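K.L.:
run.cif (mmCIF, C-alpha atoms and all ligand atoms) pasted underneath:
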```cif
data_data
loop_
_atom_site.label_atom_id
_atom_site.label_comp_id
_atom_site.auth_asym_id
_atom_site.auth_seq_id
_atom_site.Cartn_x
_atom_site.Cartn_y
_atom_site.Cartn_z
CA MET A 1 367.19 88.11 11.22
CA GLU A 2 367.93 84.50 12.00
CA ASN A 3 366.92 84.76 15.66
CA LYS A 4 363.69 82.79 16.01
CA ASN A 5 362.66 84.70 19.12
CA ALA A 6 362.90 88.06 17.46
CA LYS A 7 359.58 89.76 16.86
CA ARG A 8 358.17 89.92 13.37
CA ILE A 9 357.17 93.29 12.02
CA ILE A 10 354.20 94.39 9.93
CA ILE A 11 354.16 97.87 8.50
CA ALA A 12 351.02 99.43 7.04
CA ASN A 13 351.80 101.92 4.30
CA TRP A 14 348.51 103.77 3.80
CA LYS A 15 349.99 105.92 1.01
CA MET A 16 347.55 108.78 0.19
CA ASN A 17 344.60 107.11 1.95
CA PRO A 18 342.02 107.31 3.53
CA GLU A 19 340.30 110.56 2.61
CA THR A 20 339.21 111.67 6.07
CA LEU A 21 340.67 111.78 9.56
CA SER A 22 337.63 109.98 10.93
CA GLU A 23 338.14 107.01 8.57
CA ALA A 24 341.82 106.99 9.47
CA LYS A 25 340.97 106.91 13.18
CA GLU A 26 338.54 104.07 12.63
CA ILE A 27 341.15 101.89 10.89
CA LEU A 28 343.80 102.72 13.46
CA SER A 29 341.55 101.88 16.37
CA ALA A 30 340.69 98.48 14.83
CA ILE A 31 344.42 97.81 14.44
CA LYS A 32 345.15 98.93 18.01
CA LYS A 33 342.45 96.65 19.37
CA GLU A 34 344.02 93.67 17.60
CA ALA A 35 347.53 94.72 18.63
CA LYS A 36 346.53 94.49 22.30
CA LYS A 37 345.88 90.78 21.84
CA ILE A 38 349.08 90.04 19.93
CA GLU A 39 352.46 90.04 21.57
CA ASN A 40 354.82 88.51 19.06
CA ILE A 41 354.51 91.12 16.31
CA ASN A 42 355.59 94.74 16.06
CA ILE A 43 352.88 96.67 14.28
CA VAL A 44 353.72 99.96 12.64
CA VAL A 45 351.36 102.29 10.78
CA ALA A 46 352.51 104.84 8.19
CA PRO A 47 349.57 107.19 7.63
CA PRO A 48 349.65 110.32 5.48
CA ALA A 49 351.72 113.00 7.23
CA ILE A 50 348.71 115.17 8.04
CA TYR A 51 347.37 112.47 10.37
CA LEU A 52 350.66 111.76 12.13
CA GLY A 53 350.35 114.53 14.72
CA ARG A 54 346.82 113.37 15.56
CA PHE A 55 348.02 109.83 16.17
CA LYS A 56 350.85 110.66 18.55
CA THR A 57 351.93 107.48 20.31
CA GLY A 58 353.97 106.85 23.41
CA GLU A 59 356.62 104.33 24.41
CA SER A 60 354.00 101.93 25.72
CA ASP A 61 351.73 102.11 22.70
CA ASP A 62 351.15 98.80 20.94
CA VAL A 63 351.15 100.41 17.50
CA LYS A 64 354.11 102.53 16.43
CA LEU A 65 354.13 105.30 13.86
CA ALA A 66 356.08 105.62 10.63
CA ALA A 67 356.28 108.51 8.21
CA GLN A 68 356.04 107.80 4.49
CA ASN A 69 358.69 110.38 3.68
CA MET A 70 360.92 113.11 5.14
CA HIS A 71 363.23 115.81 3.83
CA TRP A 72 367.01 115.37 3.71
CA GLU A 73 367.68 118.66 5.51
CA GLU A 74 366.75 119.37 9.10
CA LYS A 75 365.10 122.72 8.49
CA GLY A 76 364.92 125.65 6.12
CA ALA A 77 363.23 127.00 3.03
CA PHE A 78 361.74 123.81 1.58
CA THR A 79 358.10 124.60 0.88
CA GLY A 80 355.77 121.69 1.44
CA GLU A 81 358.31 119.46 3.15
CA ILE A 82 358.46 117.80 6.57
CA SER A 83 361.67 117.32 8.54
CA SER A 84 362.97 114.43 10.58
CA LEU A 85 362.94 116.61 13.72
CA MET A 86 359.24 117.39 13.21
CA LEU A 87 358.55 113.68 12.84
CA LYS A 88 360.43 112.92 16.06
CA ASP A 89 358.44 115.60 17.83
CA ALA A 90 355.21 113.99 16.62
CA GLY A 91 356.21 110.67 18.20
CA VAL A 92 357.20 109.00 14.93
CA GLU A 93 359.76 106.19 15.22
CA TYR A 94 360.16 104.91 11.66
CA VAL A 95 360.39 106.47 8.21
CA ILE A 96 359.98 104.87 4.79
CA VAL A 97 362.86 105.88 2.52
CA GLY A 98 363.29 105.12 -1.17
CA HIS A 99 359.81 103.81 -1.89
CA SER A 100 359.48 103.23 -5.64
CA GLU A 101 356.56 105.66 -5.81
CA ARG A 102 358.87 108.37 -4.49
CA ARG A 103 361.63 107.30 -6.86
CA ASN A 104 359.31 107.19 -9.89
CA TYR A 105 356.78 109.99 -9.34
CA PHE A 106 358.89 112.45 -7.37
CA GLY A 107 362.27 111.94 -8.97
CA GLU A 108 364.07 110.65 -5.88
CA THR A 109 367.55 109.57 -6.84
CA ASP A 110 369.90 107.21 -5.04
CA GLU A 111 371.77 110.28 -3.86
CA ILE A 112 368.66 111.83 -2.28
CA ILE A 113 367.79 108.51 -0.67
CA ASN A 114 371.31 108.30 0.75
CA LYS A 115 371.00 111.80 2.26
CA LYS A 116 367.66 110.93 3.82
CA LEU A 117 369.05 107.75 5.34
CA ILE A 118 371.99 109.61 6.83
CA LEU A 119 369.70 112.16 8.45
CA ALA A 120 367.12 109.64 9.65
CA LEU A 121 369.86 107.63 11.39
CA LYS A 122 371.38 110.77 12.86
CA ASN A 123 368.03 111.79 14.35
CA ARG A 124 367.21 108.29 15.56
CA LEU A 125 364.36 107.51 13.23
CA THR A 126 364.48 103.92 11.99
CA PRO A 127 364.56 104.00 8.19
CA ILE A 128 362.69 101.38 6.19
CA LEU A 129 364.78 101.35 3.04
CA CYS A 130 362.88 100.08 -0.02
CA VAL A 131 364.62 98.45 -2.95
CA GLY A 132 363.27 96.57 -5.95
CA GLU A 133 363.33 96.19 -9.69
CA SER A 134 360.86 97.41 -12.31
CA PHE A 135 359.10 95.05 -14.70
CA GLU A 136 361.50 95.93 -17.54
CA GLU A 137 364.49 95.29 -15.28
CA LYS A 138 363.05 91.95 -14.22
CA ARG A 139 362.44 90.99 -17.85
CA ALA A 140 366.04 91.88 -18.66
CA GLU A 141 367.13 89.65 -15.73
CA LYS A 142 368.65 92.60 -13.95
CA THR A 143 367.01 92.04 -10.55
CA PRO A 144 370.20 91.16 -8.62
CA GLU A 145 372.12 94.03 -10.19
CA ILE A 146 369.37 96.54 -9.31
CA ILE A 147 369.01 95.35 -5.73
CA LYS A 148 372.77 95.50 -5.19
CA SER A 149 373.16 98.89 -6.77
CA GLN A 150 370.21 100.49 -4.92
CA LEU A 151 371.44 99.10 -1.60
CA THR A 152 375.06 100.09 -2.08
CA LYS A 153 374.24 103.62 -3.21
CA ALA A 154 371.69 104.15 -0.43
CA LEU A 155 374.25 103.13 2.20
CA GLU A 156 377.20 105.08 0.83
CA ASN A 157 379.25 106.82 3.53
CA ILE A 158 377.13 105.33 6.29
CA ARG A 159 379.47 103.68 8.73
CA GLN A 160 378.95 100.36 10.44
CA LYS A 161 378.62 102.02 13.80
CA GLN A 162 375.59 104.00 12.56
CA VAL A 163 373.83 100.85 11.40
CA GLN A 164 373.25 98.68 14.42
CA SER A 165 371.04 95.65 14.20
CA LYS A 166 367.63 97.19 14.80
CA ASN A 167 367.94 100.72 13.47
CA LEU A 168 367.61 99.94 9.78
CA LEU A 169 365.04 97.78 8.03
CA ILE A 170 365.25 96.78 4.40
CA ALA A 171 362.15 96.07 2.33
CA TYR A 172 362.28 94.21 -0.96
CA GLU A 173 359.44 95.64 -3.03
CA PRO A 174 359.49 94.69 -6.71
CA VAL A 175 357.89 97.67 -8.46
CA TRP A 176 355.77 95.42 -10.71
CA ALA A 177 354.25 93.66 -7.70
CA ILE A 178 353.03 96.86 -6.04
CA GLY A 179 349.26 97.26 -6.31
CA SER A 180 349.11 94.75 -9.16
CA GLY A 181 347.79 91.65 -7.43
CA THR A 182 350.81 89.78 -8.81
CA THR A 183 353.63 88.66 -6.55
CA PRO A 184 357.01 87.06 -7.14
CA SER A 185 357.32 83.40 -6.15
CA TYR A 186 358.36 82.70 -2.57
CA ASP A 187 361.62 81.38 -3.98
CA ASP A 188 362.29 84.61 -5.84
CA VAL A 189 361.75 86.60 -2.65
CA LEU A 190 364.05 84.17 -0.83
CA SER A 191 366.76 84.79 -3.46
CA ALA A 192 366.31 88.54 -3.10
CA ASN A 193 366.57 88.26 0.69
CA LEU A 194 369.74 86.17 0.47
CA LEU A 195 371.24 88.67 -1.93
CA ILE A 196 370.35 91.56 0.39
CA ARG A 197 372.03 89.80 3.34
CA LYS A 198 375.06 89.03 1.19
CA THR A 199 375.34 92.65 0.08
CA ILE A 200 374.98 93.92 3.65
CA ASN A 201 377.60 91.38 4.69
CA SER A 202 380.06 92.79 2.19
CA ILE A 203 379.42 96.33 3.42
CA TYR A 204 379.04 95.87 7.19
CA GLY A 205 380.06 92.31 7.98
CA ARG A 206 378.24 89.25 9.19
CA GLY A 207 377.05 90.50 12.56
CA ILE A 208 374.84 93.14 10.98
CA ALA A 209 373.96 91.11 7.87
CA GLU A 210 372.48 88.30 9.95
CA LYS A 211 370.42 90.54 12.18
CA ILE A 212 369.09 93.23 9.90
CA PRO A 213 365.32 92.75 9.54
CA LEU A 214 364.16 92.14 5.97
CA LEU A 215 360.63 92.83 4.84
CA TYR A 216 358.70 91.90 1.74
CA GLY A 217 356.20 94.29 0.11
CA GLY A 218 354.01 94.10 -2.99
CA SER A 219 350.41 92.80 -3.17
CA VAL A 220 350.55 91.17 0.25
CA ASN A 221 347.19 89.89 1.47
CA ALA A 222 345.88 87.63 4.22
CA LYS A 223 346.24 84.56 1.99
CA ASN A 224 349.83 84.96 0.81
CA ALA A 225 351.32 86.72 3.88
CA GLY A 226 352.49 83.64 5.79
CA GLY A 227 354.48 82.23 2.87
CA PHE A 228 356.78 85.23 2.67
CA ILE A 229 357.77 84.60 6.28
CA GLU A 230 357.93 80.82 6.20
CA LYS A 231 359.24 80.19 2.71
CA SER A 232 361.09 83.39 1.80
CA ARG A 233 362.60 83.95 5.27
CA ALA A 234 361.35 87.52 5.50
CA ASP A 235 361.16 88.97 9.00
CA GLY A 236 358.14 91.05 8.21
CA LEU A 237 355.88 92.67 5.64
CA LEU A 238 355.28 96.10 4.19
CA VAL A 239 351.62 96.23 3.23
CA GLY A 240 349.96 98.83 1.00
CA GLY A 241 346.41 98.37 -0.31
CA ALA A 242 345.42 95.66 2.15
CA SER A 243 346.45 97.81 5.10
CA ILE A 244 343.60 100.29 4.66
CA LYS A 245 341.01 97.54 4.74
CA ALA A 246 340.86 96.77 8.45
CA THR A 247 339.53 93.20 8.08
CA GLU A 248 342.17 92.23 5.53
CA PHE A 249 344.98 93.82 7.52
CA LEU A 250 343.88 92.15 10.76
CA GLY A 251 343.84 88.87 8.81
CA ILE A 252 347.49 89.42 7.88
CA ILE A 253 348.42 90.19 11.48
CA ARG A 254 346.68 87.01 12.68
CA GLN A 255 348.38 84.93 10.00
CA LEU A 256 351.78 86.08 11.15
CA SER A 257 350.98 85.67 14.80
CA ILE A 258 350.42 81.94 14.46
CA ILE A 259 353.47 80.96 12.43
P1 LIG B 1 350.52 97.03 -2.20
O1 LIG B 1 350.45 96.17 -0.95
O2 LIG B 1 349.27 97.83 -2.41
O3 LIG B 1 350.93 96.24 -3.38
O4 LIG B 1 351.66 98.12 -1.93
C1 LIG B 1 352.88 97.72 -1.44
C2 LIG B 1 353.65 98.90 -1.06
O5 LIG B 1 354.00 99.72 -1.90
C3 LIG B 1 353.97 99.07 0.36
O6 LIG B 1 354.92 100.06 0.55
#
```
Show me, as structure tokens, the structure contained in the file I just sent.

P.N.:
Amino acid sequence: MENKNAKRIIIANWKMNPETLSEAKEILSAIKKEAKKIENINIVVAPPAIYLGRFKTGESDDVKLAAQNMHWEEKGAFTGEISSLMLKDAGVEYVIVGHSERRNYFGETDEIINKKLILALKNRLTPILCVGESFEEKRAEKTPEIIKSQLTKALENIRQKQVQSKNLLIAYEPVWAIGSGTTPSYDDVLSANLLIRKTINSIYGRGIAEKIPLLYGGSVNAKNAGGFIEKSRADGLLVGGASIKATEFLGIIRQLSII
């Protein structure tokens, strides 16, 4: 997203945290309070699904909602699942698709991810598509190959007209950086971002490739956050662990608001 005036985006992926609704409300209200003071950043929170309905937001709300997952069918006999239509009804605007924890622990394949993307776009949820290599793949110098392959397969049969500039976000999340306290260098994230834009360019052309917002995720904290924006040319961040510690997360928001 080369437009300097475009808003940055910070997404809080709470994963399976916190344990109670009251803790969740406390964190959200701290984030909302900060969001009121900050105009140049879009703040999105992805709580566990059970809290989503309780957090219903409106058009004017400063903090938007994301789901961490959705099913690839609209309705039917899928015990334990949540559909895109239910998410829409709960006021959700974004959905994380293809997170490595879903790929690794729940067997989500590129094909499933592709189906979810198709449905999310159809039902006007903005997908946050996650891609990234494992430690073994990095060691074998396969990072570019993995990023390209995950992106291409996720976007199969999705036409250019369905992917307009703001209705798809792509997050580069190296699996080995998630929850580990270790991050890639800013240069490595820059290379990944350039490769993502190049791949999008070859699928959808320059107009979309230049505008599609790219996020970085993996052990982001208040200290390293700014560098991913300034040095790696990311448009935003996808934050896990640090997003359920209100002080740390507010620190990240403030960092981004001043650069
Ligand atoms: P951490 O910030 O805890 O490394 O998690 C990143 C992540 O998986 C966000 O989706």

K.L.:
Around the point (351.1, 117.0, 19.0), in the coordinates given by the file, pick out the residues reaching within 12 Å, counting all atoms listed in the file, and return them as a PyMOL selection string.

P.N.:
chain A and resi 50-58+86-92

K.L.:
May I have the protein, DNA and RNA residues with any atom at most 6 Å from the point (360.4, 92.4, 4.2), counting all atoms listed in the file, written as a list of chain:residue names?

P.N.:
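In the file's frame, the residues around the point are A:Ala171, A:Tyr172, A:Leu214, A:Leu215, A:Tyr216, A:Ala234, A:Asp235, A:Gly236, A:Leu237.
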
K.L.:
Go through region 44-112 of chain A residue by residue and, counting all atoms listed in the file, keep those with an atom at most 10 Å from region 242-249 of chain A; for each kept residue give the shortest atom pair and its distance in Å to one decimal, ordered by chain and increasing number, as CSV.

P.N.:
```
residue,atom,partner,partner_atom,distance
A:Val45,CA,A:Ser243,CA,8.7
A:Ala46,CA,A:Ser243,CA,9.8
A:Pro47,CA,A:Ile244,CA,9.6
```

K.L.:
Using the file's own x, y and z axes, so that the box edges lie along x, y and z, what centre and edge lengths in Å (one decimal) does a box around every listed atom of region 56-75 of chain A get when 3 Å is added on each side? Give it as AutoDock Vina command-line options.

P.N.:
```
--center_x 359.3 --center_y 110.8 --center_z 14.7 --size_x 22.8 --size_y 29.9 --size_z 28.0
```

K.L.:
Check every protein, DNA and RNA residue against ligand LIG 1 (chain B), keep those with an atom at most 7 Å away (counting all atoms listed in the file), and present them as an MDAnalysis selection string.

P.N.:
chainID A and resid 13 99 173 177:181 217:220 238:242

K.L.:
Please complete region 205-216 of chain A so it has all heavy atoms, and hand it over as a short mmCIF file (atom, residue, chain, number, x, y, z; two decimals), in the frame of the given file.

P.N.:
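Result file is result28.cif:
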```
data_model
loop_
_atom_site.label_atom_id
_atom_site.label_comp_id
_atom_site.auth_asym_id
_atom_site.auth_seq_id
_atom_site.Cartn_x
_atom_site.Cartn_y
_atom_site.Cartn_z
N GLY A 205 379.64 93.52 7.26
CA GLY A 205 380.06 92.31 7.98
C GLY A 205 378.88 91.47 8.44
O GLY A 205 377.73 91.89 8.39
N ARG A 206 379.24 90.27 8.91
CA ARG A 206 378.24 89.25 9.19
C ARG A 206 377.29 89.59 10.34
O ARG A 206 376.08 89.32 10.27
CB ARG A 206 378.97 87.95 9.50
CG ARG A 206 378.23 86.79 8.91
CD ARG A 206 379.02 85.52 9.03
NE ARG A 206 378.22 84.57 9.77
CZ ARG A 206 378.72 83.55 10.44
NH1 ARG A 206 380.02 83.36 10.46
NH2 ARG A 206 377.93 82.73 11.07
N GLY A 207 377.86 90.20 11.38
CA GLY A 207 377.05 90.50 12.56
C GLY A 207 375.80 91.29 12.18
O GLY A 207 374.69 90.96 12.60
N ILE A 208 375.98 92.31 11.38
CA ILE A 208 374.84 93.14 10.98
C ILE A 208 374.01 92.42 9.92
O ILE A 208 372.78 92.41 9.97
CB ILE A 208 375.33 94.52 10.50
CG1 ILE A 208 375.84 95.30 11.72
CG2 ILE A 208 374.21 95.29 9.79
CD1 ILE A 208 376.38 96.66 11.44
N ALA A 209 374.69 91.78 8.98
CA ALA A 209 373.96 91.11 7.87
C ALA A 209 372.97 90.07 8.39
O ALA A 209 371.88 89.92 7.86
CB ALA A 209 374.95 90.46 6.92
N GLU A 210 373.36 89.36 9.45
CA GLU A 210 372.48 88.30 9.95
C GLU A 210 371.28 88.86 10.70
O GLU A 210 370.24 88.24 10.74
CB GLU A 210 373.26 87.39 10.90
CG GLU A 210 374.04 86.34 10.17
CD GLU A 210 374.88 85.49 11.09
OE1 GLU A 210 374.89 85.75 12.32
OE2 GLU A 210 375.53 84.57 10.57
N LYS A 211 371.47 90.03 11.30
CA LYS A 211 370.42 90.54 12.18
C LYS A 211 369.48 91.55 11.54
O LYS A 211 368.40 91.80 12.04
CB LYS A 211 371.06 91.18 13.41
CG LYS A 211 371.63 90.16 14.37
CD LYS A 211 371.87 90.81 15.72
CE LYS A 211 372.93 90.07 16.50
NZ LYS A 211 374.11 90.88 16.79
N ILE A 212 369.89 92.15 10.45
CA ILE A 212 369.09 93.23 9.90
C ILE A 212 367.72 92.68 9.45
O ILE A 212 367.64 91.68 8.75
CB ILE A 212 369.87 93.93 8.75
CG1 ILE A 212 369.42 95.35 8.60
CG2 ILE A 212 369.81 93.18 7.44
CD1 ILE A 212 370.47 96.24 7.96
N PRO A 213 366.62 93.29 9.91
CA PRO A 213 365.32 92.75 9.54
C PRO A 213 364.97 93.04 8.08
O PRO A 213 365.10 94.17 7.61
CB PRO A 213 364.35 93.47 10.48
CG PRO A 213 365.20 94.07 11.56
CD PRO A 213 366.52 94.36 10.91
N LEU A 214 364.54 92.00 7.37
CA LEU A 214 364.16 92.14 5.97
C LEU A 214 362.65 91.98 5.82
O LEU A 214 362.06 91.06 6.40
CB LEU A 214 364.85 91.06 5.12
CG LEU A 214 366.39 91.00 5.17
CD1 LEU A 214 366.91 90.02 4.13
CD2 LEU A 214 366.99 92.38 4.95
N LEU A 215 362.07 92.88 5.05
CA LEU A 215 360.63 92.83 4.84
C LEU A 215 360.34 92.54 3.37
O LEU A 215 361.16 92.85 2.51
CB LEU A 215 359.98 94.18 5.18
CG LEU A 215 360.38 94.87 6.49
CD1 LEU A 215 359.63 96.19 6.61
CD2 LEU A 215 360.03 94.00 7.68
N TYR A 216 359.14 92.00 3.12
CA TYR A 216 358.70 91.90 1.74
C TYR A 216 357.48 92.80 1.57
O TYR A 216 356.62 92.86 2.46
CB TYR A 216 358.32 90.45 1.35
CG TYR A 216 357.60 90.47 0.02
CD1 TYR A 216 358.32 90.66 -1.15
CD2 TYR A 216 356.20 90.41 -0.04
CE1 TYR A 216 357.67 90.79 -2.37
CE2 TYR A 216 355.55 90.54 -1.27
CZ TYR A 216 356.28 90.73 -2.41
OH TYR A 216 355.64 90.89 -3.61
#
```
